[in-house]
Each structure stands twice: as structure tokens, then as C-alpha cells.
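Student: Compact mmCIF, C-alpha atoms, saved as upload00.txt, coming up:
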```
# COMPACT_ATOMS: atom_id res chain seq x y z
CA MET D 1 34.99 -18.79 5.70
CA ALA D 2 31.81 -19.11 7.82
CA LYS D 3 28.86 -21.01 6.37
CA GLY D 4 25.78 -19.01 5.39
CA SER D 5 22.48 -19.27 7.28
CA VAL D 6 18.76 -18.91 6.50
CA TYR D 7 15.92 -18.16 8.94
CA ILE D 8 12.14 -17.85 8.67
CA PHE D 9 10.50 -15.34 11.05
CA LEU D 10 6.71 -15.55 11.00
CA GLY D 11 3.74 -14.02 12.82
CA PRO D 12 2.21 -10.64 13.68
CA GLU D 13 4.31 -9.70 16.75
CA ILE D 14 6.51 -7.02 15.20
CA GLY D 15 8.43 -5.95 18.30
CA GLU D 16 9.76 -9.36 19.36
CA LYS D 17 10.50 -10.20 15.73
CA GLU D 18 12.59 -7.02 15.37
CA GLU D 19 14.47 -7.87 18.58
CA ALA D 20 15.36 -11.29 17.13
CA ILE D 21 16.58 -9.66 13.91
CA GLN D 22 18.61 -7.19 15.95
CA GLU D 23 20.24 -10.04 17.87
CA ILE D 24 21.37 -11.66 14.61
CA ARG D 25 22.57 -8.25 13.41
CA ARG D 26 24.66 -7.75 16.59
CA LYS D 27 26.30 -11.16 16.21
CA LEU D 28 27.22 -10.46 12.60
CA GLN D 29 28.57 -6.99 13.45
CA GLY D 30 30.81 -8.58 16.06
CA ALA D 31 32.67 -10.37 13.28
CA GLY D 32 33.53 -7.19 11.35
CA PRO D 33 31.95 -4.75 8.88
CA LEU D 34 28.36 -5.71 7.98
CA GLU D 35 26.47 -5.10 4.74
CA GLU D 36 22.68 -5.15 5.00
CA MET D 37 19.92 -5.11 2.36
CA SER D 38 16.12 -5.44 2.50
CA PHE D 39 13.70 -6.55 -0.21
CA TYR D 40 9.93 -6.82 -0.47
CA ALA D 41 8.67 -9.93 -2.23
CA GLY D 42 6.95 -8.96 -5.44
CA GLU D 43 8.91 -5.74 -5.96
CA THR D 44 12.27 -7.19 -7.00
CA PRO D 45 12.16 -10.42 -9.08
CA LEU D 46 13.32 -13.36 -6.97
CA PRO D 47 16.08 -14.43 -9.41
CA GLY D 48 17.51 -10.91 -9.09
CA ILE D 49 17.52 -11.16 -5.28
CA VAL D 50 19.24 -14.55 -5.38
CA SER D 51 21.81 -13.19 -7.84
CA ILE D 52 22.65 -10.40 -5.37
CA LEU D 53 22.86 -12.98 -2.57
CA ARG D 54 25.29 -15.06 -4.61
CA ASN D 55 27.60 -12.11 -5.30
CA GLY D 56 30.05 -11.57 -2.47
CA SER D 57 30.80 -8.18 -0.96
CA LEU D 58 34.03 -6.34 -1.64
CA PHE D 59 33.85 -4.24 1.51
CA ALA D 60 32.02 -6.24 4.21
CA ASP D 61 33.03 -9.35 6.16
CA LYS D 62 29.40 -10.34 6.81
CA ARG D 63 26.12 -9.73 5.03
CA LEU D 64 22.50 -9.65 6.25
CA PHE D 65 19.57 -9.86 3.83
CA LEU D 66 15.88 -9.47 4.73
CA ILE D 67 13.09 -10.53 2.36
CA LYS D 68 9.67 -9.39 3.60
CA ASN D 69 6.15 -10.63 2.67
CA VAL D 70 7.57 -13.99 1.56
CA GLU D 71 4.12 -15.58 1.85
CA ILE D 72 3.48 -14.51 -1.76
CA PHE D 73 6.15 -16.93 -3.04
CA LYS D 74 3.90 -19.80 -4.16
CA LYS D 75 4.69 -20.44 -7.82
CA LYS D 76 6.79 -23.52 -8.54
CA GLU D 77 9.59 -21.52 -10.18
CA GLU D 78 9.73 -19.21 -7.13
CA THR D 79 9.85 -21.97 -4.53
CA GLU D 80 12.43 -23.93 -6.54
CA THR D 81 14.64 -20.85 -6.92
CA LEU D 82 14.45 -20.04 -3.22
CA THR D 83 14.89 -23.59 -1.92
CA ALA D 84 17.92 -24.06 -4.19
CA TYR D 85 19.55 -21.10 -2.44
CA ILE D 86 18.45 -22.29 1.02
CA LYS D 87 20.12 -25.66 0.48
CA ALA D 88 23.44 -23.97 -0.39
CA PRO D 89 23.50 -20.48 1.18
CA GLN D 90 26.29 -18.05 0.38
CA ASP D 91 29.18 -18.07 2.82
CA ASP D 92 29.21 -15.34 5.50
CA THR D 93 25.63 -14.37 4.56
CA ALA D 94 22.51 -14.51 6.74
CA LEU D 95 19.13 -14.46 5.01
CA ILE D 96 15.93 -13.85 7.00
CA LEU D 97 12.60 -14.60 5.31
CA ILE D 98 9.86 -12.54 6.98
CA SER D 99 6.07 -12.75 6.96
CA GLU D 100 3.29 -11.56 9.25
CA ASN D 101 1.44 -14.79 8.41
CA THR D 102 1.91 -17.83 10.64
CA GLY D 103 2.90 -20.02 7.71
CA ILE D 104 4.36 -19.83 4.19
CA ASP D 105 4.88 -22.33 1.38
CA LYS D 106 5.67 -25.70 2.98
CA THR D 107 8.47 -26.42 0.52
CA ILE D 108 10.31 -23.33 1.70
CA GLU D 109 9.64 -24.08 5.38
CA LYS D 110 10.90 -27.66 4.97
CA ALA D 111 14.08 -26.47 3.25
CA VAL D 112 14.89 -24.15 6.16
CA GLY D 113 13.95 -26.71 8.81
CA THR D 114 12.47 -26.32 12.28
CA ALA D 115 15.71 -25.01 13.79
CA GLY D 116 15.66 -21.93 11.56
CA LYS D 117 11.94 -21.18 11.87
CA LYS D 118 10.39 -19.05 14.60
CA LEU D 119 6.81 -17.89 15.16
CA PHE D 120 6.10 -14.53 16.82
CA TYR D 121 2.49 -14.52 18.01
CA GLU D 122 0.57 -11.53 19.33
CA LEU D 123 0.85 -11.32 23.10
CA PHE D 124 -1.95 -12.90 25.11
CA GLU D 125 -3.92 -10.49 27.26
CA ASN D 126 -2.11 -11.44 30.49
CA ARG D 127 1.31 -11.11 28.83
CA LYS D 128 0.43 -7.64 27.49
CA VAL D 129 -0.54 -6.50 31.00
CA GLU D 130 2.72 -7.91 32.40
CA TRP D 131 4.75 -6.32 29.59
CA VAL D 132 3.34 -2.82 30.19
CA ALA D 133 3.65 -3.09 33.98
CA ALA D 134 7.26 -4.26 33.69
CA PHE D 135 8.14 -1.51 31.21
CA PHE D 136 6.96 1.25 33.55
CA SER D 137 8.58 -0.42 36.55
CA ARG D 138 11.98 -0.56 34.80
CA GLN D 139 11.70 3.18 34.17
CA GLY D 140 10.96 3.87 37.85
CA CYS D 141 7.33 4.79 37.13
CA ARG D 142 4.07 3.63 38.69
CA ILE D 143 0.91 2.92 36.72
CA SER D 144 -2.52 1.77 37.87
CA GLY D 145 -4.33 -1.27 36.54
CA ASP D 146 -6.86 0.97 34.81
CA GLY D 147 -3.98 2.90 33.27
CA ILE D 148 -2.56 -0.31 31.78
CA THR D 149 -6.00 -1.22 30.43
CA ALA D 150 -6.32 2.22 28.82
CA ILE D 151 -2.95 1.82 27.07
CA LEU D 152 -3.86 -1.61 25.74
CA GLU D 153 -7.12 -0.26 24.34
CA MET D 154 -5.50 2.67 22.57
CA VAL D 155 -2.25 1.16 21.25
CA GLU D 156 -1.68 -1.48 18.58
CA ASN D 157 -1.22 -5.06 19.74
CA ASN D 158 2.53 -5.41 19.28
CA THR D 159 5.43 -4.63 21.57
CA GLU D 160 7.05 -2.22 19.13
CA ALA D 161 4.01 0.09 19.24
CA LEU D 162 3.63 -0.39 23.00
CA LYS D 163 7.26 0.53 23.64
CA ARG D 164 6.99 3.66 21.49
CA GLU D 165 3.81 4.95 23.15
CA CYS D 166 4.82 4.01 26.71
CA SER D 167 8.14 5.83 26.24
CA ARG D 168 6.29 8.95 25.11
CA LEU D 169 3.97 8.76 28.10
CA ILE D 170 6.89 8.58 30.52
CA LEU D 171 8.49 11.55 28.78
CA PHE D 172 5.29 13.60 29.11
CA LEU D 173 4.13 12.47 32.57
CA GLY D 174 7.36 11.74 34.44
CA ASN D 175 7.49 9.53 37.52
CA GLU D 176 6.20 11.84 40.23
CA LYS D 177 2.82 10.14 40.63
CA VAL D 178 0.88 7.03 39.77
CA ILE D 179 -0.22 7.22 36.12
CA GLU D 180 -3.99 6.75 35.84
CA ALA D 181 -6.36 6.01 32.97
CA GLU D 182 -7.33 9.69 32.75
CA ASP D 183 -3.69 10.63 32.14
CA ILE D 184 -3.39 8.01 29.42
CA GLU D 185 -6.53 9.18 27.62
CA LYS D 186 -5.47 12.82 27.82
CA TRP D 187 -1.96 12.36 26.47
CA LEU D 188 -2.38 9.54 23.98
CA SER D 189 -5.51 10.97 22.40
CA HIS D 190 -3.82 14.33 21.85
CA THR D 191 -0.24 13.34 21.07
CA ARG D 192 -0.14 9.91 19.47
CA GLU D 193 0.37 9.51 15.78
CA GLU D 194 -2.16 8.01 13.43
CA SER D 195 -2.57 4.24 13.69
CA ALA D 196 -4.94 1.55 12.51
CA PHE D 197 -6.90 2.24 15.70
CA THR D 198 -7.40 5.95 15.03
CA LEU D 199 -8.41 4.94 11.50
CA PHE D 200 -10.98 2.52 12.93
CA SER D 201 -12.40 5.32 15.09
CA ARG D 202 -13.01 7.40 11.97
CA ILE D 203 -14.46 4.41 10.12
CA ALA D 204 -16.78 3.83 13.08
CA SER D 205 -18.08 7.40 12.80
CA GLY D 206 -18.91 6.83 9.12
CA ASP D 207 -16.84 9.80 7.92
CA LEU D 208 -15.21 8.74 4.62
CA SER D 209 -13.31 12.01 4.17
CA LYS D 210 -11.60 11.81 7.58
CA SER D 211 -11.00 8.08 7.15
CA LEU D 212 -9.22 8.68 3.84
CA GLU D 213 -7.17 11.45 5.45
CA SER D 214 -6.14 9.11 8.27
CA LEU D 215 -5.28 6.33 5.82
CA ARG D 216 -3.13 8.60 3.65
CA THR D 217 -1.30 9.90 6.72
CA LEU D 218 -0.45 6.32 7.67
CA LEU D 219 0.79 5.46 4.19
CA ALA D 220 2.83 8.69 4.00
CA ALA D 221 4.46 7.70 7.29
CA LYS D 222 5.55 4.42 5.60
CA GLU D 223 3.09 2.27 7.53
CA THR D 224 2.62 -0.88 5.46
CA PRO D 225 -0.84 -1.83 4.20
CA ILE D 226 -0.36 -5.28 5.75
CA ALA D 227 0.19 -3.72 9.19
CA ILE D 228 -2.87 -1.48 8.71
CA PHE D 229 -4.97 -4.50 7.76
CA GLY D 230 -3.70 -6.35 10.82
CA GLY D 231 -4.73 -3.54 13.15
CA LEU D 232 -8.16 -3.16 11.52
CA ALA D 233 -8.72 -6.94 11.64
CA SER D 234 -8.09 -6.82 15.40
CA CYS D 235 -10.70 -4.04 15.71
CA PHE D 236 -13.33 -5.85 13.66
CA ARG D 237 -12.80 -9.09 15.60
CA LYS D 238 -13.47 -7.07 18.74
CA LEU D 239 -16.55 -5.59 17.03
CA ARG D 240 -17.78 -9.14 16.37
CA ASP D 241 -17.34 -9.94 20.09
CA TYR D 242 -19.21 -6.76 20.98
CA ALA D 243 -22.10 -7.72 18.65
CA HIS D 244 -22.32 -11.11 20.38
CA LEU D 245 -22.61 -9.37 23.74
CA LEU D 246 -25.47 -7.25 22.41
CA GLU D 247 -27.23 -10.37 21.15
CA LYS D 248 -27.04 -11.80 24.67
CA GLY D 249 -28.33 -8.57 26.20
CA LEU D 250 -24.95 -7.84 27.83
CA GLY D 251 -24.05 -4.73 25.85
CA TYR D 252 -24.08 -2.57 29.00
CA ASP D 253 -22.47 -5.07 31.36
CA ASP D 254 -19.25 -3.37 32.53
CA PHE D 255 -17.54 -6.64 33.44
CA GLU D 256 -18.31 -8.29 30.08
CA LEU D 257 -17.21 -5.22 28.15
CA ARG D 258 -13.91 -5.17 30.02
CA LYS D 259 -13.40 -8.86 29.22
CA ILE D 260 -13.35 -8.10 25.48
CA GLY D 261 -11.09 -5.06 25.96
CA LEU D 262 -13.68 -2.26 26.12
CA SER D 263 -13.37 -0.40 29.39
CA HIS D 264 -12.86 3.16 28.19
CA PRO D 265 -15.89 5.37 27.38
CA LYS D 266 -14.33 6.49 24.07
CA SER D 267 -13.69 2.89 22.98
CA ARG D 268 -17.24 1.89 23.87
CA GLN D 269 -18.57 4.85 21.91
CA ASP D 270 -16.52 3.87 18.84
CA TYR D 271 -17.69 0.26 18.92
CA ALA D 272 -21.32 1.22 19.52
CA GLN D 273 -21.15 3.48 16.44
CA ALA D 274 -19.41 0.81 14.38
CA GLN D 275 -21.92 -1.86 15.39
CA ARG D 276 -24.80 0.29 14.13
CA ARG D 277 -23.10 0.72 10.75
CA TYR D 278 -21.14 -2.41 9.88
CA ASP D 279 -21.36 -6.17 9.71
CA ALA D 280 -18.14 -7.39 11.36
CA GLY D 281 -18.07 -10.64 9.37
CA ALA D 282 -18.40 -8.81 6.05
CA CYS D 283 -15.66 -6.37 7.07
CA LEU D 284 -13.28 -9.20 8.01
CA ALA D 285 -13.98 -10.95 4.68
CA LEU D 286 -13.23 -7.72 2.79
CA LEU D 287 -10.02 -7.26 4.77
CA ALA D 288 -8.89 -10.77 3.81
CA GLU D 289 -9.72 -10.12 0.15
CA TYR D 290 -7.73 -6.88 -0.03
CA ASP D 291 -4.89 -8.24 2.07
CA PHE D 292 -4.41 -10.87 -0.63
CA LYS D 293 -4.66 -8.25 -3.41
CA ILE D 294 -1.99 -6.06 -1.80
CA ARG D 295 0.39 -8.96 -1.20
CA SER D 296 -0.03 -10.16 -4.79
CA SER D 297 0.24 -6.84 -6.63
CA GLY D 298 3.34 -5.21 -5.12
CA SER D 299 3.63 -1.55 -4.17
CA ALA D 300 2.89 0.25 -7.46
CA LEU D 301 -0.87 0.51 -6.90
CA GLU D 302 -0.90 0.37 -3.09
CA ALA D 303 -2.43 3.79 -2.47
CA LEU D 304 -5.19 3.32 -5.04
CA THR D 305 -5.97 -0.19 -3.80
CA MET D 306 -6.16 1.02 -0.20
CA ASP D 307 -8.51 3.89 -1.16
CA LEU D 308 -10.75 1.41 -2.99
CA PHE D 309 -10.70 -0.93 0.01
CA LEU D 310 -11.76 1.86 2.36
CA TYR D 311 -14.56 2.98 0.04
CA LYS D 312 -15.88 -0.58 -0.28
CA LEU D 313 -15.58 -1.15 3.47
CA MET D 314 -17.63 1.92 4.34
CA TYR D 315 -20.27 1.44 1.65
CA SER D 316 -20.44 -2.31 0.94
CA ALA D 317 -19.99 -3.86 4.39
CA LYS D 318 -22.84 -1.91 5.99
CA LEU D 319 -25.54 -3.57 8.01
CA ARG D 320 -28.17 -1.53 6.20
```
Since I need it in another form, could you write the structure as C-alpha cells?
Tutor:
Amino acid sequence: MAKGSVYIFLGPEIGEKEEAIQEIRRKLQGAGPLEEMSFYAGETPLPGIVSILRNGSLFADKRLFLIKNVEIFKKKEETETLTAYIKAPQDDTALILISENTGIDKTIEKAVGTAGKKLFYELFENRKVEWVAAFFSRQGCRISGDGITAILEMVENNTEALKRECSRLILFLGNEKVIEAEDIEKWLSHTREESAFTLFSRIASGDLSKSLESLRTLLAAKETPIAIFGGLASCFRKLRDYAHLLEKGLGYDDFELRKIGLSHPKSRQDYAQAQRRYDAGACLALLAEYDFKIRSSGSALEALTMDLFLYKLMYSAKLR
């Protein structure tokens, strides 16, 4: 019987992380019927998860278990329970511990070891440009440099979101001509689903009612609060960069604005509105506070906690 395995997948790059999980899934499926289960840390007690791990399957040759948000495992009894399993994993069972953080409890990391740990960072700017260009090229489509910039401004910073939106663009626009920034703005602004970036646009305008509507749409679509916080944090870091440009008198310098990822008129309008209303540092601090609250409290009060976060963001993190 094959020995069990344990992995730790960390970092905010969702797309590449999912590809790595899929590769493990394919290998396990090649050995026969596969049973798969997912858990969220904090929802199911850890001893209960380990008990399920320890019980073999009657119908599957291999098993794959995913435990998400494992960064909340910090108590001694939790780390001891998990490391005890890691040191003697169940035969024919693969366990993947997942977090969007870049690190978790060091006891757990040490038990897994460096060979089983992988970090998935957000793509650097040059890699994102290369990724989008290569995606369109593989599909036999041509896209301008400004078109790539427009996509990167309007789509979340992970390859899963980029793949989804680029695929939709190709479906809508075809490959008859070079895709330009105007095409991107037209189709993505009218057809894309809600995201943390559309939510930021509504926050920037100061409209609480529309912001709450956008937030609830995201939650109803099973977008996780942690992913929403990640997208908003990216926006407010960019807002901080924009505020620094204004302090230097470079708020209208096209080259400098493009350097921080603001080349589109709509994006510049959003950030100009947000800068007049919010203190980026206070917003980032509030995001960190509520990110911790969500990770610690589980899913029972998620919607209420997110509503409270949004209210506090729009009324407590104001400049004036």
C-alpha cells in the first residue's frame, strides 16, 4: 500500500495553486478511483478532520483531502494534533494544507518539511504581461500592449481570474482583428461579473448602498471573504501609491500613473475619487483587522461581519 503524503500550498496566486492541486489530483486518479473531500479550518473541529483522514475508504483506491485557511491553526492542541498526523499520514491519502498567507505555524511547516511546501506568489508586473500575451497568442488572437494593460487594470491579480476573463473576451471578440484597449473596456465593463475591483469602484464613489449590493453579490456567488479582502488590499495599496504621486505633484503625469497601473481613464477616475474620500493606510489597517476576524470566527457570521467591515471602511477610514 502506498505511503500517504502531506503538502503545504501557500500564497495569494490562486490559479497556479489550483494547477498544482490538479496535477496531484491527476496522479492520484491514475492509480484508480479517487475520493476527495474539502474542509475549511474553523468550521469542522480538527480532531474530527483527522478522524476522517484516519478512516480508510471502502470504495476508493486513493484519497485527496484539502484543508483551507490553515493559518488559523495556532493553538498548541491544534498544532500537536495536526503534526501528529503529518508525521504518520494515512496510507494512500494525500493531504494538502492551503492558505493565502505566505506562512503558517512554524511547527506545522517544519513537520511537513521544505520538500512538501510551495509558495505561490502574485505574478510580478512583467510576468502578468507575458502571461496575458501568451494566452492570446495560444488562442490565435492578437492583442495590443494597451489592451494587455487594460486587462490587468480591470481583472484581479491571479491567473485564475485572468484566464476566465481572457477566455470570455476571445469568445466575444474573436480573432479577426487586433484587440485594443477600447474593446477591453467595452466588453469587460459590461459583461464581467462582480469582483473585488468592481466593489472598490463603488467604494470609491462613496455609495454605501451600491457597495453593499456588490458585496452581497460576491458572497452569493461563493466568493470567499479572504479573496475579497485580498483584492481590496491590492486596490488600497495602489491608492497609497497614487497618494504619494499627488504629494510629489505627479498626479497628472501619464508615465508615472502607468507605472503604478493606472492608464485607463475609468481607473484614474476611481482612484481620484477614492483619494478624496479615504486614507489608504487606515483602510489597509481595517482590512487586516477584519481579515483576522473572519479567519478566526468561521463562516457562521461572515455576511454580518463583512457588512460591518464595509460600513466601518466607508465611514471610519475617511480622510475627513
Student: Would you list the contacts of Pro225 of chain D as a CSV table (one decimal) with C-alpha atoms, in the frame of the given file, taking every protein, DNA or RNA residue within 10 Å and counting only C-alpha atoms, but skipping same-chain residues closer than 4 positions in sequence?
Tutor:
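selection-v3.csv was written with the following content:
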```
chain,number,residue,atom,x,y,z
D,196,ALA,CA,-4.9,1.6,12.5
D,215,LEU,CA,-5.3,6.3,5.8
D,218,LEU,CA,-0.4,6.3,7.7
D,219,LEU,CA,0.8,5.5,4.2
D,229,PHE,CA,-5.0,-4.5,7.8
D,230,GLY,CA,-3.7,-6.4,10.8
D,231,GLY,CA,-4.7,-3.5,13.2
D,290,TYR,CA,-7.7,-6.9,0.0
D,291,ASP,CA,-4.9,-8.2,2.1
D,294,ILE,CA,-2.0,-6.1,-1.8
D,295,ARG,CA,0.4,-9.0,-1.2
D,299,SER,CA,3.6,-1.6,-4.2
D,302,GLU,CA,-0.9,0.4,-3.1
D,303,ALA,CA,-2.4,3.8,-2.5
D,305,THR,CA,-6.0,-0.2,-3.8
D,306,MET,CA,-6.2,1.0,-0.2
```
Student: Just the residues within 9 Å of segment 242-257 of chain D, please, counting all atoms listed in the file, with nothing from its chain fewer than 2 positions along; format it as an MDAnalysis selection string.
Tutor: chainID D and resid 237:240 259:263 268 271:272 275 280
Student: Suppose you want the space between atom CA of Ala274 of chain D and atom CA of Val132 of chain D; what is it in Å?
Tutor: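 Between atom CA of Ala274 of chain D and atom CA of Val132 of chain D the gap works out to 27.9 Å.
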Student: When distances are computed from only C-alpha atoms, which of D:Lys266, D:Arg142, D:Lys3, D:Arg127 shows the smallest separation from Ser201 of chain D?
Tutor: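 Among D:Lys266, D:Arg142, D:Lys3, D:Arg127, it is D:Lys266 that comes nearest to Ser201 of chain D.
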Student: Enter the distance from atom CA of Glu35 of chain D to atom CA of Gly48 of chain D, in Å, rounded to one decimal.
Tutor: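 Result for atom CA of Glu35 of chain D versus atom CA of Gly48 of chain D: 17.5 Å, one decimal.
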Student: Pick from D:Ile184, D:Ile151, D:Ala133, D:Ala88: nearest to Val50 of chain D, with all atoms listed in the file counted?
Tutor: D:Ala88
Student: Give me, please, the distance in Å between atom CA of Cys235 of chain D and atom CA of Ser99 of chain D, quoted to one decimal.
Tutor: 20.8 Å
Student: Provide an axis-aligned box for all listed atoms of segment 123-134 of chain D, padding each side by 3 Å; report its centre and its edge lengths in Å to one decimal, as AutoDock Vina command-line options.
Tutor:
```
--center_x 1.7 --center_y -7.9 --center_z 28.5 --size_x 17.2 --size_y 16.1 --size_z 16.9
```
Student: Pick out the residues sitting within 9 Å of Pro47 of chain D, and hand them over as a PyMOL selection string; count all atoms listed in the file, and ignore anything fewer than 3 positions along from it in its own chain.
Tutor: chain D and resi 44+50-52+78+81-82
Student: Of the residues D:Ile148, D:Glu100, D:Ile72, D:Ala115, which is the one nearest to Ile228 of chain D, using only C-alpha atoms?
Tutor: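 Closest candidate: D:Glu100.
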Student: With all atoms listed in the file as the basis for distance, which of D:Phe236, D:Phe59, D:Phe197, D:Phe135 is at the shortest distance from Leu169 of chain D?
Tutor: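 The shortest atom-to-atom distance to Leu169 of chain D comes from D:Phe135.
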Student: Pick out the residues sitting within 9 Å of Ser205 of chain D, and hand them over as a list in words; count all atoms listed in the file, and ignore anything fewer than 6 positions along from it in its own chain.
Tutor: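 Counting only the stated atoms, we get Asp270, Gln273, Ala274 and Arg277 of chain D.
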Student: From the set D:Ser38, D:Thr102, D:Ser57, D:Ser5, which residue has the shortest atom-to-atom contact distance to Ile86 of chain D, counting only C-alpha atoms?
Tutor: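 Nearest candidate to Ile86 of chain D out of D:Ser38, D:Thr102, D:Ser57, D:Ser5: D:Ser5.
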Student: For Gly174 of chain D, which residue out of D:Gly15, D:Arg63, D:Gly42, D:Gly140 is the nearest one, using all atoms listed in the file?
Tutor: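 Nearest to Gly174 of chain D: D:Gly140.
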Student: Any idea what's packed within 12 Å of Met37 of chain D, counting only C-alpha atoms, ignoring anything in its chain fewer than 4 positions away? Could you give it as a list of chain:residue names?
Tutor: D:Arg25, D:Ile49, D:Ile52, D:Leu53, D:Ser57, D:Lys62, D:Arg63, D:Leu64, D:Phe65, D:Leu66, D:Ile67, D:Lys68, D:Thr93, D:Ala94, D:Leu95, D:Ile96
Student: Some atoms are missing, so please complete segment 239-260 of chain D with N, CA and C atoms and return it as a PDB file, keeping the file's coordinate frame.
Tutor:
```pdb
ATOM      1  N   LEU D 239     -15.185  -6.006  17.353  1.00  0.00           N
ATOM      2  CA  LEU D 239     -16.550  -5.590  17.030  1.00  0.00           C
ATOM      3  C   LEU D 239     -17.479  -6.801  16.967  1.00  0.00           C
ATOM      4  N   ARG D 240     -16.990  -7.896  16.420  1.00  0.00           N
ATOM      5  CA  ARG D 240     -17.780  -9.140  16.370  1.00  0.00           C
ATOM      6  C   ARG D 240     -18.095  -9.628  17.791  1.00  0.00           C
ATOM      7  N   ASP D 241     -17.098  -9.547  18.689  1.00  0.00           N
ATOM      8  CA  ASP D 241     -17.340  -9.940  20.090  1.00  0.00           C
ATOM      9  C   ASP D 241     -18.365  -9.015  20.737  1.00  0.00           C
ATOM     10  N   TYR D 242     -18.276  -7.739  20.422  1.00  0.00           N
ATOM     11  CA  TYR D 242     -19.210  -6.760  20.980  1.00  0.00           C
ATOM     12  C   TYR D 242     -20.640  -7.048  20.490  1.00  0.00           C
ATOM     13  N   ALA D 243     -20.785  -7.385  19.203  1.00  0.00           N
ATOM     14  CA  ALA D 243     -22.100  -7.720  18.650  1.00  0.00           C
ATOM     15  C   ALA D 243     -22.690  -8.937  19.344  1.00  0.00           C
ATOM     16  N   HIS D 244     -21.842  -9.928  19.663  1.00  0.00           N
ATOM     17  CA  HIS D 244     -22.320 -11.110  20.380  1.00  0.00           C
ATOM     18  C   HIS D 244     -22.829 -10.749  21.772  1.00  0.00           C
ATOM     19  N   LEU D 245     -22.149  -9.825  22.433  1.00  0.00           N
ATOM     20  CA  LEU D 245     -22.610  -9.370  23.740  1.00  0.00           C
ATOM     21  C   LEU D 245     -23.989  -8.717  23.625  1.00  0.00           C
ATOM     22  N   LEU D 246     -24.175  -7.904  22.606  1.00  0.00           N
ATOM     23  CA  LEU D 246     -25.470  -7.250  22.410  1.00  0.00           C
ATOM     24  C   LEU D 246     -26.574  -8.284  22.171  1.00  0.00           C
ATOM     25  N   GLU D 247     -26.257  -9.327  21.408  1.00  0.00           N
ATOM     26  CA  GLU D 247     -27.230 -10.370  21.150  1.00  0.00           C
ATOM     27  C   GLU D 247     -27.670 -11.078  22.428  1.00  0.00           C
ATOM     28  N   LYS D 248     -26.740 -11.146  23.395  1.00  0.00           N
ATOM     29  CA  LYS D 248     -27.040 -11.800  24.670  1.00  0.00           C
ATOM     30  C   LYS D 248     -27.630 -10.834  25.694  1.00  0.00           C
ATOM     31  N   GLY D 249     -27.807  -9.573  25.277  1.00  0.00           N
ATOM     32  CA  GLY D 249     -28.330  -8.570  26.200  1.00  0.00           C
ATOM     33  C   GLY D 249     -27.311  -8.084  27.217  1.00  0.00           C
ATOM     34  N   LEU D 250     -26.021  -8.216  26.888  1.00  0.00           N
ATOM     35  CA  LEU D 250     -24.950  -7.840  27.830  1.00  0.00           C
ATOM     36  C   LEU D 250     -24.160  -6.629  27.345  1.00  0.00           C
ATOM     37  N   GLY D 251     -24.761  -5.854  26.441  1.00  0.00           N
ATOM     38  CA  GLY D 251     -24.050  -4.730  25.850  1.00  0.00           C
ATOM     39  C   GLY D 251     -23.723  -3.607  26.823  1.00  0.00           C
ATOM     40  N   TYR D 252     -24.354  -3.611  28.005  1.00  0.00           N
ATOM     41  CA  TYR D 252     -24.080  -2.570  29.000  1.00  0.00           C
ATOM     42  C   TYR D 252     -23.468  -3.147  30.266  1.00  0.00           C
ATOM     43  N   ASP D 253     -23.077  -4.409  30.201  1.00  0.00           N
ATOM     44  CA  ASP D 253     -22.470  -5.070  31.360  1.00  0.00           C
ATOM     45  C   ASP D 253     -20.988  -4.681  31.424  1.00  0.00           C
ATOM     46  N   ASP D 254     -20.615  -3.898  32.427  1.00  0.00           N
ATOM     47  CA  ASP D 254     -19.250  -3.370  32.530  1.00  0.00           C
ATOM     48  C   ASP D 254     -18.218  -4.489  32.563  1.00  0.00           C
ATOM     49  N   PHE D 255     -18.492  -5.543  33.310  1.00  0.00           N
ATOM     50  CA  PHE D 255     -17.540  -6.640  33.440  1.00  0.00           C
ATOM     51  C   PHE D 255     -17.322  -7.338  32.096  1.00  0.00           C
ATOM     52  N   GLU D 256     -18.419  -7.609  31.367  1.00  0.00           N
ATOM     53  CA  GLU D 256     -18.310  -8.290  30.080  1.00  0.00           C
ATOM     54  C   GLU D 256     -17.610  -7.429  29.047  1.00  0.00           C
ATOM     55  N   LEU D 257     -17.876  -6.128  29.081  1.00  0.00           N
ATOM     56  CA  LEU D 257     -17.210  -5.220  28.150  1.00  0.00           C
ATOM     57  C   LEU D 257     -15.708  -5.173  28.409  1.00  0.00           C
ATOM     58  N   ARG D 258     -15.335  -5.173  29.682  1.00  0.00           N
ATOM     59  CA  ARG D 258     -13.910  -5.170  30.020  1.00  0.00           C
ATOM     60  C   ARG D 258     -13.241  -6.461  29.562  1.00  0.00           C
ATOM     61  N   LYS D 259     -13.967  -7.568  29.624  1.00  0.00           N
ATOM     62  CA  LYS D 259     -13.400  -8.860  29.220  1.00  0.00           C
ATOM     63  C   LYS D 259     -12.989  -8.862  27.754  1.00  0.00           C
ATOM     64  N   ILE D 260     -13.716  -8.123  26.905  1.00  0.00           N
ATOM     65  CA  ILE D 260     -13.350  -8.100  25.480  1.00  0.00           C
ATOM     66  C   ILE D 260     -12.474  -6.883  25.140  1.00  0.00           C
TER      67      ILE D 260
END
```
